[in-house]
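Worksheet: the structure to be examined is printed underneath.
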Amino acid sequence: MVFKPFRLALIQLGNITANKTDNLKHARDMILKAAANSKKPDLIVLPECFNSPYGHKHFPVYAETIAESESVKMLSAAAKETNTWLIGGSIPERDGEQLYNTCTVYSPQGDLVATHRKVHLFDIDIPGKITFKESETLSPGTTTNYFDTEFARIGLGICYDIRFPELSMISARQGCHVLIYPGAFNLTTGPLHWELLQRSRAVDNQVFFATCSPARDLTAGYHAWGHSMVVDPMAKVLVEAAEAEEIVFADIDPALLESARAGIPVTTQRRFDVYPDVSEGK
Ligand SMILES: NC(=O)CCC(=O)C(=O)O
């Protein structure tokens, strides 16, 4: 499987309002801005729920079917116009009676090449801090997903999916070199777990791990942590955004994955005679 050096751009998008048209226009402007940067990224990433306010009551209002989605049309056109791979964060998706939190991925030709429906819904209740229940309106995805580019195999997840090591492990065993999760942690769990989980998933699997968050907006109903990040296979943070809107770039160097795996060969030392391989049959 091909793994060549490439450059990643994470758009920590701000100004996500109640107006979808404005959100799409702003996201498009930022994609064009990232692509026009002298760093010339090969792959651009948007955050979780980039076209709508984040909250279970908003999902039914903003949900779109993929076939008719104005968000999908915009993302496809932007990928084609910039001739760049694009991970379109996530959008509330409608499929019949069901709603999903769905990530869509586009080739530089503008083709929709992959989707990932958030498998683990964000249902938490930390008294006095945060209660959130995606399952009040969303259904969970039922598949693991990755896509191939000319430079790497890339595994997908969305935010809360990161807390379930099995998903990352399966992607890594399927040969993914880089795992990319659009996400929107919050001000309670973000400081404790956002970086920890990314570095854990990276070092567990000796892969690159990247997340892309919305910018923090304290006037919004949900306060995102920000801190979009790229971590290398030794769990070193290569780049980290602050809280405001920002585009950060990272060079993904396959030599770092190779040296991590050569020096600490856990990928060949697993004991499937003692415990099961979670990727079996996937
Ligand atoms: N959007 C999400 O899934 C948020 C996940 C989160 O904040 C967490 O602590 O987990």
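Residues are named by chain letter and number: chains run A, B, ... in the order of the structure tokens, numbers start at 1 in each chain, and ligands are numbered from 1 in the order shown.
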Could I get the residue neighbourhood of ligand 1 at 9 Å, counting only C-alpha atoms and all ligand atoms, as a PDB file with all heavy atoms, in the first residue's frame?
ATOM      1  N   GLU A  48     -16.142  18.625  12.724  1.00  0.00           N
ATOM      2  CA  GLU A  48     -17.449  18.003  12.955  1.00  0.00           C
ATOM      3  C   GLU A  48     -18.537  19.084  12.896  1.00  0.00           C
ATOM      4  O   GLU A  48     -18.354  20.183  13.398  1.00  0.00           O
ATOM      5  CB  GLU A  48     -17.463  17.344  14.342  1.00  0.00           C
ATOM      6  CG  GLU A  48     -18.772  16.636  14.660  1.00  0.00           C
ATOM      7  CD  GLU A  48     -18.758  15.919  16.024  1.00  0.00           C
ATOM      8  OE1 GLU A  48     -17.949  16.296  16.893  1.00  0.00           O
ATOM      9  OE2 GLU A  48     -19.571  14.994  16.192  1.00  0.00           O
ATOM     10  N   CYS A  49     -19.652  18.755  12.288  1.00  0.00           N
ATOM     11  CA  CYS A  49     -20.848  19.602  12.262  1.00  0.00           C
ATOM     12  C   CYS A  49     -20.512  21.035  11.831  1.00  0.00           C
ATOM     13  O   CYS A  49     -20.826  21.979  12.541  1.00  0.00           O
ATOM     14  CB  CYS A  49     -21.492  19.569  13.649  1.00  0.00           C
ATOM     15  SG  CYS A  49     -23.266  19.743  13.553  1.00  0.00           S
ATOM     16  N   TYR A  54     -24.100  22.804  16.720  1.00  0.00           N
ATOM     17  CA  TYR A  54     -23.976  21.434  17.217  1.00  0.00           C
ATOM     18  C   TYR A  54     -24.931  21.226  18.390  1.00  0.00           C
ATOM     19  O   TYR A  54     -24.816  21.893  19.413  1.00  0.00           O
ATOM     20  CB  TYR A  54     -22.519  21.180  17.647  1.00  0.00           C
ATOM     21  CG  TYR A  54     -22.257  19.754  18.071  1.00  0.00           C
ATOM     22  CD1 TYR A  54     -22.601  18.692  17.245  1.00  0.00           C
ATOM     23  CD2 TYR A  54     -21.678  19.470  19.297  1.00  0.00           C
ATOM     24  CE1 TYR A  54     -22.366  17.385  17.634  1.00  0.00           C
ATOM     25  CE2 TYR A  54     -21.426  18.169  19.689  1.00  0.00           C
ATOM     26  CZ  TYR A  54     -21.780  17.135  18.849  1.00  0.00           C
ATOM     27  OH  TYR A  54     -21.551  15.837  19.226  1.00  0.00           O
ATOM     28  N   LYS A 118     -20.971   8.464  12.238  1.00  0.00           N
ATOM     29  CA  LYS A 118     -20.448   8.331  13.616  1.00  0.00           C
ATOM     30  C   LYS A 118     -21.006   7.059  14.255  1.00  0.00           C
ATOM     31  O   LYS A 118     -22.229   6.876  14.330  1.00  0.00           O
ATOM     32  CB  LYS A 118     -20.858   9.574  14.405  1.00  0.00           C
ATOM     33  CG  LYS A 118     -20.184   9.751  15.742  1.00  0.00           C
ATOM     34  CD  LYS A 118     -20.618  11.105  16.321  1.00  0.00           C
ATOM     35  CE  LYS A 118     -19.808  11.523  17.526  1.00  0.00           C
ATOM     36  NZ  LYS A 118     -20.169  12.896  17.948  1.00  0.00           N
ATOM     37  N   HIS A 120     -20.193   5.742  17.413  1.00  0.00           N
ATOM     38  CA  HIS A 120     -20.467   5.862  18.849  1.00  0.00           C
ATOM     39  C   HIS A 120     -21.081   7.244  19.100  1.00  0.00           C
ATOM     40  O   HIS A 120     -20.407   8.265  18.919  1.00  0.00           O
ATOM     41  CB  HIS A 120     -19.176   5.702  19.647  1.00  0.00           C
ATOM     42  CG  HIS A 120     -18.443   4.424  19.353  1.00  0.00           C
ATOM     43  ND1 HIS A 120     -17.462   4.341  18.391  1.00  0.00           N
ATOM     44  CD2 HIS A 120     -18.589   3.188  19.869  1.00  0.00           C
ATOM     45  CE1 HIS A 120     -17.020   3.094  18.345  1.00  0.00           C
ATOM     46  NE2 HIS A 120     -17.680   2.374  19.223  1.00  0.00           N
ATOM     47  N   LEU A 121     -22.337   7.248  19.472  1.00  0.00           N
ATOM     48  CA  LEU A 121     -23.006   8.540  19.670  1.00  0.00           C
ATOM     49  C   LEU A 121     -22.582   9.159  20.996  1.00  0.00           C
ATOM     50  O   LEU A 121     -22.341   8.453  21.988  1.00  0.00           O
ATOM     51  CB  LEU A 121     -24.525   8.350  19.608  1.00  0.00           C
ATOM     52  CG  LEU A 121     -25.029   7.880  18.242  1.00  0.00           C
ATOM     53  CD1 LEU A 121     -26.551   7.745  18.243  1.00  0.00           C
ATOM     54  CD2 LEU A 121     -24.587   8.826  17.119  1.00  0.00           C
ATOM     55  N   PHE A 122     -22.493  10.472  20.991  1.00  0.00           N
ATOM     56  CA  PHE A 122     -22.002  11.234  22.142  1.00  0.00           C
ATOM     57  C   PHE A 122     -23.142  11.401  23.146  1.00  0.00           C
ATOM     58  O   PHE A 122     -23.930  12.336  23.058  1.00  0.00           O
ATOM     59  CB  PHE A 122     -21.492  12.585  21.630  1.00  0.00           C
ATOM     60  CG  PHE A 122     -20.977  13.518  22.678  1.00  0.00           C
ATOM     61  CD1 PHE A 122     -20.181  13.077  23.726  1.00  0.00           C
ATOM     62  CD2 PHE A 122     -21.265  14.878  22.603  1.00  0.00           C
ATOM     63  CE1 PHE A 122     -19.692  13.958  24.674  1.00  0.00           C
ATOM     64  CE2 PHE A 122     -20.783  15.773  23.549  1.00  0.00           C
ATOM     65  CZ  PHE A 122     -20.001  15.308  24.590  1.00  0.00           C
ATOM     66  N   ASP A 123     -23.232  10.444  24.045  1.00  0.00           N
ATOM     67  CA  ASP A 123     -24.242  10.472  25.108  1.00  0.00           C
ATOM     68  C   ASP A 123     -23.488  10.494  26.422  1.00  0.00           C
ATOM     69  O   ASP A 123     -22.970   9.451  26.858  1.00  0.00           O
ATOM     70  CB  ASP A 123     -25.113   9.193  25.064  1.00  0.00           C
ATOM     71  CG  ASP A 123     -26.137   9.222  23.944  1.00  0.00           C
ATOM     72  OD1 ASP A 123     -26.179  10.195  23.173  1.00  0.00           O
ATOM     73  OD2 ASP A 123     -26.907   8.247  23.848  1.00  0.00           O
ATOM     74  N   ILE A 124     -23.401  11.654  27.057  1.00  0.00           N
ATOM     75  CA  ILE A 124     -22.715  11.690  28.349  1.00  0.00           C
ATOM     76  C   ILE A 124     -23.519  12.552  29.317  1.00  0.00           C
ATOM     77  O   ILE A 124     -24.316  13.399  28.905  1.00  0.00           O
ATOM     78  CB  ILE A 124     -21.250  12.201  28.263  1.00  0.00           C
ATOM     79  CG1 ILE A 124     -21.173  13.690  27.890  1.00  0.00           C
ATOM     80  CG2 ILE A 124     -20.427  11.361  27.314  1.00  0.00           C
ATOM     81  CD1 ILE A 124     -19.785  14.291  28.090  1.00  0.00           C
ATOM     82  N   PHE A 132     -25.222  15.659  27.300  1.00  0.00           N
ATOM     83  CA  PHE A 132     -25.401  15.717  25.847  1.00  0.00           C
ATOM     84  C   PHE A 132     -25.903  14.355  25.414  1.00  0.00           C
ATOM     85  O   PHE A 132     -25.410  13.329  25.880  1.00  0.00           O
ATOM     86  CB  PHE A 132     -24.055  16.030  25.170  1.00  0.00           C
ATOM     87  CG  PHE A 132     -24.191  16.663  23.813  1.00  0.00           C
ATOM     88  CD1 PHE A 132     -24.073  18.034  23.638  1.00  0.00           C
ATOM     89  CD2 PHE A 132     -24.430  15.880  22.689  1.00  0.00           C
ATOM     90  CE1 PHE A 132     -24.189  18.629  22.384  1.00  0.00           C
ATOM     91  CE2 PHE A 132     -24.554  16.455  21.428  1.00  0.00           C
ATOM     92  CZ  PHE A 132     -24.429  17.837  21.277  1.00  0.00           C
ATOM     93  N   GLU A 134     -26.699  12.731  21.857  1.00  0.00           N
ATOM     94  CA  GLU A 134     -26.900  12.666  20.396  1.00  0.00           C
ATOM     95  C   GLU A 134     -27.985  11.662  20.034  1.00  0.00           C
ATOM     96  O   GLU A 134     -28.699  11.837  19.048  1.00  0.00           O
ATOM     97  CB  GLU A 134     -25.593  12.272  19.692  1.00  0.00           C
ATOM     98  CG  GLU A 134     -24.637  13.427  19.489  1.00  0.00           C
ATOM     99  CD  GLU A 134     -23.465  13.080  18.597  1.00  0.00           C
ATOM    100  OE1 GLU A 134     -22.903  11.963  18.731  1.00  0.00           O
ATOM    101  OE2 GLU A 134     -23.076  13.927  17.786  1.00  0.00           O
ATOM    102  N   ILE A 158     -15.407   9.903  13.940  1.00  0.00           N
ATOM    103  CA  ILE A 158     -15.909  11.231  14.303  1.00  0.00           C
ATOM    104  C   ILE A 158     -15.908  11.340  15.826  1.00  0.00           C
ATOM    105  O   ILE A 158     -16.553  10.550  16.527  1.00  0.00           O
ATOM    106  CB  ILE A 158     -17.333  11.488  13.761  1.00  0.00           C
ATOM    107  CG1 ILE A 158     -17.359  11.375  12.232  1.00  0.00           C
ATOM    108  CG2 ILE A 158     -17.829  12.868  14.194  1.00  0.00           C
ATOM    109  CD1 ILE A 158     -18.744  11.540  11.610  1.00  0.00           C
ATOM    110  N   CYS A 159     -15.171  12.295  16.303  1.00  0.00           N
ATOM    111  CA  CYS A 159     -15.149  12.753  17.700  1.00  0.00           C
ATOM    112  C   CYS A 159     -15.241  11.633  18.736  1.00  0.00           C
ATOM    113  O   CYS A 159     -14.259  10.976  19.029  1.00  0.00           O
ATOM    114  CB  CYS A 159     -16.232  13.810  17.907  1.00  0.00           C
ATOM    115  SG  CYS A 159     -15.800  14.875  19.304  1.00  0.00           S
ATOM    116  N   TYR A 160     -16.430  11.395  19.304  1.00  0.00           N
ATOM    117  CA  TYR A 160     -16.591  10.437  20.412  1.00  0.00           C
ATOM    118  C   TYR A 160     -16.084   9.046  20.028  1.00  0.00           C
ATOM    119  O   TYR A 160     -15.704   8.262  20.902  1.00  0.00           O
ATOM    120  CB  TYR A 160     -18.073  10.391  20.796  1.00  0.00           C
ATOM    121  CG  TYR A 160     -18.396   9.815  22.163  1.00  0.00           C
ATOM    122  CD1 TYR A 160     -17.899  10.377  23.332  1.00  0.00           C
ATOM    123  CD2 TYR A 160     -19.230   8.704  22.274  1.00  0.00           C
ATOM    124  CE1 TYR A 160     -18.221   9.847  24.577  1.00  0.00           C
ATOM    125  CE2 TYR A 160     -19.562   8.167  23.512  1.00  0.00           C
ATOM    126  CZ  TYR A 160     -19.060   8.746  24.662  1.00  0.00           C
ATOM    127  OH  TYR A 160     -19.385   8.219  25.890  1.00  0.00           O
ATOM    128  N   ASP A 161     -16.040   8.759  18.710  1.00  0.00           N
ATOM    129  CA  ASP A 161     -15.479   7.482  18.230  1.00  0.00           C
ATOM    130  C   ASP A 161     -14.061   7.271  18.763  1.00  0.00           C
ATOM    131  O   ASP A 161     -13.601   6.129  18.874  1.00  0.00           O
ATOM    132  CB  ASP A 161     -15.419   7.464  16.687  1.00  0.00           C
ATOM    133  CG  ASP A 161     -16.751   7.172  16.007  1.00  0.00           C
ATOM    134  OD1 ASP A 161     -17.628   6.545  16.639  1.00  0.00           O
ATOM    135  OD2 ASP A 161     -16.907   7.564  14.828  1.00  0.00           O
ATOM    136  N   ILE A 162     -13.357   8.361  19.065  1.00  0.00           N
ATOM    137  CA  ILE A 162     -11.960   8.248  19.504  1.00  0.00           C
ATOM    138  C   ILE A 162     -11.848   7.528  20.849  1.00  0.00           C
ATOM    139  O   ILE A 162     -10.808   6.969  21.180  1.00  0.00           O
ATOM    140  CB  ILE A 162     -11.299   9.653  19.585  1.00  0.00           C
ATOM    141  CG1 ILE A 162      -9.789   9.555  19.644  1.00  0.00           C
ATOM    142  CG2 ILE A 162     -11.824  10.442  20.755  1.00  0.00           C
ATOM    143  CD1 ILE A 162      -9.079  10.905  19.622  1.00  0.00           C
ATOM    144  N   ARG A 163     -12.928   7.556  21.634  1.00  0.00           N
ATOM    145  CA  ARG A 163     -12.870   6.934  22.967  1.00  0.00           C
ATOM    146  C   ARG A 163     -12.917   5.406  22.900  1.00  0.00           C
ATOM    147  O   ARG A 163     -12.789   4.746  23.932  1.00  0.00           O
ATOM    148  CB  ARG A 163     -14.043   7.429  23.825  1.00  0.00           C
ATOM    149  CG  ARG A 163     -13.907   8.884  24.230  1.00  0.00           C
ATOM    150  CD  ARG A 163     -14.932   9.260  25.276  1.00  0.00           C
ATOM    151  NE  ARG A 163     -14.791  10.645  25.664  1.00  0.00           N
ATOM    152  CZ  ARG A 163     -13.973  11.086  26.631  1.00  0.00           C
ATOM    153  NH1 ARG A 163     -13.237  10.223  27.309  1.00  0.00           N
ATOM    154  NH2 ARG A 163     -13.898  12.366  26.919  1.00  0.00           N
ATOM    155  N   PRO A 182     -12.722  14.290  12.435  1.00  0.00           N
ATOM    156  CA  PRO A 182     -13.339  15.583  12.762  1.00  0.00           C
ATOM    157  C   PRO A 182     -13.987  15.446  14.143  1.00  0.00           C
ATOM    158  O   PRO A 182     -14.550  14.384  14.458  1.00  0.00           O
ATOM    159  CB  PRO A 182     -14.407  15.756  11.673  1.00  0.00           C
ATOM    160  CG  PRO A 182     -13.960  14.851  10.555  1.00  0.00           C
ATOM    161  CD  PRO A 182     -13.288  13.689  11.207  1.00  0.00           C
ATOM    162  N   GLY A 183     -13.894  16.478  14.972  1.00  0.00           N
ATOM    163  CA  GLY A 183     -14.414  16.330  16.337  1.00  0.00           C
ATOM    164  C   GLY A 183     -14.764  17.664  16.951  1.00  0.00           C
ATOM    165  O   GLY A 183     -14.414  18.719  16.411  1.00  0.00           O
ATOM    166  N   ALA A 184     -15.459  17.611  18.072  1.00  0.00           N
ATOM    167  CA  ALA A 184     -15.794  18.851  18.791  1.00  0.00           C
ATOM    168  C   ALA A 184     -15.905  18.499  20.267  1.00  0.00           C
ATOM    169  O   ALA A 184     -17.007  18.311  20.780  1.00  0.00           O
ATOM    170  CB  ALA A 184     -17.099  19.437  18.264  1.00  0.00           C
ATOM    171  N   PHE A 185     -14.738  18.345  20.925  1.00  0.00           N
ATOM    172  CA  PHE A 185     -14.779  18.109  22.368  1.00  0.00           C
ATOM    173  C   PHE A 185     -15.270  19.383  23.052  1.00  0.00           C
ATOM    174  O   PHE A 185     -15.496  20.404  22.410  1.00  0.00           O
ATOM    175  CB  PHE A 185     -13.396  17.675  22.870  1.00  0.00           C
ATOM    176  CG  PHE A 185     -13.233  16.169  22.965  1.00  0.00           C
ATOM    177  CD1 PHE A 185     -13.671  15.345  21.951  1.00  0.00           C
ATOM    178  CD2 PHE A 185     -12.661  15.576  24.081  1.00  0.00           C
ATOM    179  CE1 PHE A 185     -13.549  13.954  22.040  1.00  0.00           C
ATOM    180  CE2 PHE A 185     -12.523  14.193  24.184  1.00  0.00           C
ATOM    181  CZ  PHE A 185     -12.964  13.377  23.166  1.00  0.00           C
ATOM    182  N   ASN A 186     -15.442  19.320  24.340  1.00  0.00           N
ATOM    183  CA  ASN A 186     -16.064  20.426  25.088  1.00  0.00           C
ATOM    184  C   ASN A 186     -15.108  20.910  26.168  1.00  0.00           C
ATOM    185  O   ASN A 186     -14.022  20.358  26.342  1.00  0.00           O
ATOM    186  CB  ASN A 186     -17.384  19.924  25.671  1.00  0.00           C
ATOM    187  CG  ASN A 186     -17.146  18.734  26.595  1.00  0.00           C
ATOM    188  OD1 ASN A 186     -16.817  18.892  27.758  1.00  0.00           O
ATOM    189  ND2 ASN A 186     -17.257  17.520  26.051  1.00  0.00           N
ATOM    190  N   LEU A 187     -15.546  21.902  26.932  1.00  0.00           N
ATOM    191  CA  LEU A 187     -14.629  22.539  27.882  1.00  0.00           C
ATOM    192  C   LEU A 187     -14.453  21.728  29.168  1.00  0.00           C
ATOM    193  O   LEU A 187     -13.580  22.037  29.974  1.00  0.00           O
ATOM    194  CB  LEU A 187     -15.103  23.961  28.204  1.00  0.00           C
ATOM    195  CG  LEU A 187     -15.250  24.908  27.000  1.00  0.00           C
ATOM    196  CD1 LEU A 187     -15.385  26.349  27.456  1.00  0.00           C
ATOM    197  CD2 LEU A 187     -14.095  24.781  26.020  1.00  0.00           C
ATOM    198  N   THR A 188     -15.260  20.675  29.347  1.00  0.00           N
ATOM    199  CA  THR A 188     -15.074  19.803  30.520  1.00  0.00           C
ATOM    200  C   THR A 188     -14.085  18.680  30.205  1.00  0.00           C
ATOM    201  O   THR A 188     -13.111  18.471  30.924  1.00  0.00           O
ATOM    202  CB  THR A 188     -16.429  19.185  30.955  1.00  0.00           C
ATOM    203  OG1 THR A 188     -17.305  20.253  31.297  1.00  0.00           O
ATOM    204  CG2 THR A 188     -16.255  18.258  32.144  1.00  0.00           C
ATOM    205  N   THR A 189     -14.352  17.978  29.103  1.00  0.00           N
ATOM    206  CA  THR A 189     -13.508  16.811  28.788  1.00  0.00           C
ATOM    207  C   THR A 189     -12.299  17.195  27.925  1.00  0.00           C
ATOM    208  O   THR A 189     -11.296  16.487  27.933  1.00  0.00           O
ATOM    209  CB  THR A 189     -14.327  15.745  28.042  1.00  0.00           C
ATOM    210  OG1 THR A 189     -14.829  16.330  26.824  1.00  0.00           O
ATOM    211  CG2 THR A 189     -15.474  15.227  28.883  1.00  0.00           C
ATOM    212  N   GLY A 190     -12.414  18.305  27.199  1.00  0.00           N
ATOM    213  CA  GLY A 190     -11.334  18.695  26.296  1.00  0.00           C
ATOM    214  C   GLY A 190      -9.981  18.816  26.981  1.00  0.00           C
ATOM    215  O   GLY A 190      -9.001  18.197  26.546  1.00  0.00           O
ATOM    216  N   LEU A 192      -8.826  17.535  29.627  1.00  0.00           N
ATOM    217  CA  LEU A 192      -8.304  16.285  30.183  1.00  0.00           C
ATOM    218  C   LEU A 192      -8.023  15.225  29.122  1.00  0.00           C
ATOM    219  O   LEU A 192      -7.040  14.489  29.205  1.00  0.00           O
ATOM    220  CB  LEU A 192      -9.319  15.701  31.175  1.00  0.00           C
ATOM    221  CG  LEU A 192      -9.400  16.376  32.539  1.00  0.00           C
ATOM    222  CD1 LEU A 192     -10.592  15.839  33.316  1.00  0.00           C
ATOM    223  CD2 LEU A 192      -8.111  16.132  33.310  1.00  0.00           C
ATOM    224  N   HIS A 193      -8.908  15.136  28.139  1.00  0.00           N
ATOM    225  CA  HIS A 193      -8.893  13.925  27.311  1.00  0.00           C
ATOM    226  C   HIS A 193      -8.549  14.112  25.837  1.00  0.00           C
ATOM    227  O   HIS A 193      -8.218  13.143  25.168  1.00  0.00           O
ATOM    228  CB  HIS A 193     -10.272  13.223  27.392  1.00  0.00           C
ATOM    229  CG  HIS A 193     -10.626  12.765  28.761  1.00  0.00           C
ATOM    230  ND1 HIS A 193     -11.912  12.490  29.162  1.00  0.00           N
ATOM    231  CD2 HIS A 193      -9.831  12.533  29.841  1.00  0.00           C
ATOM    232  CE1 HIS A 193     -11.908  12.114  30.432  1.00  0.00           C
ATOM    233  NE2 HIS A 193     -10.658  12.138  30.860  1.00  0.00           N
ATOM    234  N   TRP A 194      -8.703  15.311  25.304  1.00  0.00           N
ATOM    235  CA  TRP A 194      -8.567  15.522  23.843  1.00  0.00           C
ATOM    236  C   TRP A 194      -7.182  15.094  23.358  1.00  0.00           C
ATOM    237  O   TRP A 194      -7.044  14.223  22.496  1.00  0.00           O
ATOM    238  CB  TRP A 194      -8.849  16.990  23.563  1.00  0.00           C
ATOM    239  CG  TRP A 194      -8.690  17.526  22.181  1.00  0.00           C
ATOM    240  CD1 TRP A 194      -7.697  18.375  21.764  1.00  0.00           C
ATOM    241  CD2 TRP A 194      -9.539  17.342  21.042  1.00  0.00           C
ATOM    242  NE1 TRP A 194      -7.894  18.728  20.447  1.00  0.00           N
ATOM    243  CE2 TRP A 194      -9.014  18.112  19.988  1.00  0.00           C
ATOM    244  CE3 TRP A 194     -10.706  16.605  20.819  1.00  0.00           C
ATOM    245  CZ2 TRP A 194      -9.609  18.160  18.715  1.00  0.00           C
ATOM    246  CZ3 TRP A 194     -11.289  16.648  19.559  1.00  0.00           C
ATOM    247  CH2 TRP A 194     -10.741  17.419  18.523  1.00  0.00           C
ATOM    248  N   ALA A 224     -17.042  24.433  21.894  1.00  0.00           N
ATOM    249  CA  ALA A 224     -16.041  23.463  21.420  1.00  0.00           C
ATOM    250  C   ALA A 224     -14.678  23.796  22.022  1.00  0.00           C
ATOM    251  O   ALA A 224     -14.335  24.960  22.239  1.00  0.00           O
ATOM    252  CB  ALA A 224     -15.975  23.489  19.901  1.00  0.00           C
ATOM    253  N   TRP A 225     -13.900  22.748  22.244  1.00  0.00           N
ATOM    254  CA  TRP A 225     -12.578  22.894  22.867  1.00  0.00           C
ATOM    255  C   TRP A 225     -11.575  23.534  21.904  1.00  0.00           C
ATOM    256  O   TRP A 225     -10.670  24.261  22.311  1.00  0.00           O
ATOM    257  CB  TRP A 225     -12.109  21.499  23.327  1.00  0.00           C
ATOM    258  CG  TRP A 225     -10.722  21.420  23.861  1.00  0.00           C
ATOM    259  CD1 TRP A 225      -9.720  20.605  23.413  1.00  0.00           C
ATOM    260  CD2 TRP A 225     -10.148  22.149  24.969  1.00  0.00           C
ATOM    261  NE1 TRP A 225      -8.582  20.787  24.154  1.00  0.00           N
ATOM    262  CE2 TRP A 225      -8.825  21.731  25.116  1.00  0.00           C
ATOM    263  CE3 TRP A 225     -10.639  23.124  25.847  1.00  0.00           C
ATOM    264  CZ2 TRP A 225      -7.968  22.234  26.097  1.00  0.00           C
ATOM    265  CZ3 TRP A 225      -9.788  23.641  26.823  1.00  0.00           C
ATOM    266  CH2 TRP A 225      -8.487  23.197  26.938  1.00  0.00           C
TER     267      TRP A 225
END
Would you write out, as a Markdown table, a table of all residues in region 93-164 of chain A that have an atom no more than 8 Å from an atom of region 58-61 of chain A, listing for each the closest atom pair and the distance in Å to one decimal, considering only C-alpha atoms and ordering rows by chain and rising residue number?
| residue | atom | partner | partner_atom | distance |
| --- | --- | --- | --- | --- |
| A:Arg94 | CA | A:Pro60 | CA | 8.0 |
| A:Leu99 | CA | A:Pro60 | CA | 7.2 |
| A:Thr137 | CA | A:Phe59 | CA | 7.0 |
| A:Leu138 | CA | A:Phe59 | CA | 7.7 |
Report task. Would you list the contacts of Tyr62 (chain A) as a VMD selection string, taking every protein, DNA or RNA residue within 9 Å and counting only C-alpha atoms, but skipping same-chain residues closer than 2 positions in sequence? Result -> chain A and resid 20 51 to 53 58 to 60 64 91 to 93
Residue subset to file, keeping C-alpha atoms, as a PDB file, in the first residue's frame:
ATOM      1  CA  LYS A  20     -26.585  27.220   6.803  1.00  0.00           C
ATOM      2  CA  ASN A  51     -22.716  23.448   8.511  1.00  0.00           C
ATOM      3  CA  SER A  52     -25.005  23.643  11.528  1.00  0.00           C
ATOM      4  CA  PRO A  53     -24.950  24.542  15.211  1.00  0.00           C
ATOM      5  CA  HIS A  58     -30.583  21.140  15.544  1.00  0.00           C
ATOM      6  CA  PHE A  59     -29.854  17.868  13.700  1.00  0.00           C
ATOM      7  CA  PRO A  60     -33.407  17.290  12.342  1.00  0.00           C
ATOM      8  CA  GLU A  64     -29.801  16.668   4.337  1.00  0.00           C
ATOM      9  CA  ILE A  91     -22.985  17.105   8.601  1.00  0.00           C
ATOM     10  CA  PRO A  92     -26.344  15.973   9.952  1.00  0.00           C
ATOM     11  CA  GLU A  93     -27.479  13.423   7.365  1.00  0.00           C
TER      12      GLU A  93
END
**Report entry** Residue set, region 29-221 of chain A restricted to helix (DSSP H, G or I), as number ranges by chain
**Finding:** A: 29-36, 59-62, 66-68, 70-82, 134-136, 159-163, 165-173, 190-205
Query raised in the report: At what distance in Å, to one decimal, does CA of Pro214 (chain A) lie from CA of Ala244 (chain A)?
Result: 8.6 Å
Report task. Just the strand (DSSP E) stuff from region 175-264 of chain A, please, per backbone DSSP, written as number ranges by chain. Result -> A: 178-182, 208-212, 229-231, 237-240, 246-252
Report task. May I ask which of the residues A:Asn83, A:Thr17, A:Asn145, A:Thr131 is the closest one to Thr102 (chain A), counting only C-alpha atoms? Result -> A:Asn145
Query - Distance query Lys282 (chain A) at most 8 Å, only C-alpha atoms, self and fewer than 3 positions along chain excluded, as a ChimeraX atom specification - result: /A:170,174,279
Atoms kept (all heavy atoms) for selection, written as a PDB file, in the first residue's frame:
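Below is the file again14.pdb, written as the result:
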ATOM      1  N   ILE A 170      -8.905  -1.304  14.469  1.00  0.00           N
ATOM      2  CA  ILE A 170      -9.366  -1.975  13.248  1.00  0.00           C
ATOM      3  C   ILE A 170      -8.847  -1.212  12.025  1.00  0.00           C
ATOM      4  O   ILE A 170      -8.306  -1.818  11.093  1.00  0.00           O
ATOM      5  CB  ILE A 170     -10.912  -2.084  13.239  1.00  0.00           C
ATOM      6  CG1 ILE A 170     -11.353  -3.115  14.289  1.00  0.00           C
ATOM      7  CG2 ILE A 170     -11.434  -2.463  11.856  1.00  0.00           C
ATOM      8  CD1 ILE A 170     -12.832  -3.091  14.613  1.00  0.00           C
ATOM      9  N   GLN A 174      -6.285  -2.577   9.211  1.00  0.00           N
ATOM     10  CA  GLN A 174      -6.696  -2.592   7.792  1.00  0.00           C
ATOM     11  C   GLN A 174      -5.676  -1.857   6.928  1.00  0.00           C
ATOM     12  O   GLN A 174      -5.880  -1.706   5.730  1.00  0.00           O
ATOM     13  CB  GLN A 174      -8.084  -1.947   7.632  1.00  0.00           C
ATOM     14  CG  GLN A 174      -9.204  -2.827   8.164  1.00  0.00           C
ATOM     15  CD  GLN A 174     -10.551  -2.121   8.163  1.00  0.00           C
ATOM     16  OE1 GLN A 174     -10.620  -0.904   8.333  1.00  0.00           O
ATOM     17  NE2 GLN A 174     -11.617  -2.876   8.004  1.00  0.00           N
ATOM     18  N   SER A 279      -9.840  -6.972  14.658  1.00  0.00           N
ATOM     19  CA  SER A 279     -10.048  -6.682  13.234  1.00  0.00           C
ATOM     20  C   SER A 279     -10.411  -7.941  12.447  1.00  0.00           C
ATOM     21  O   SER A 279     -10.686  -7.860  11.242  1.00  0.00           O
ATOM     22  CB  SER A 279      -8.793  -6.048  12.618  1.00  0.00           C
ATOM     23  OG  SER A 279      -7.767  -6.994  12.539  1.00  0.00           O
TER      24      SER A 279
END
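Put simply, CA of Ala152 (chain A) is 11.1 Å away from CA of Arg7 (chain A).
Ranking A:Val278, A:Leu43, A:Leu257, A:Ala77 by their shortest atom-to-atom distance to Phe151 (chain A), with only C-alpha atoms included, puts A:Leu43 first.
Atom pair CA of Asp29 (chain A) / CA of Pro41 (chain A): separated by 15.3 Å.
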Report task. Compare A:Glu150, A:Ala114, A:Gly157, A:Val248 by their minimum atom-to-atom distance to Ala34 (chain A), counting only C-alpha atoms, and give me the closest one. Result -> A:Val248
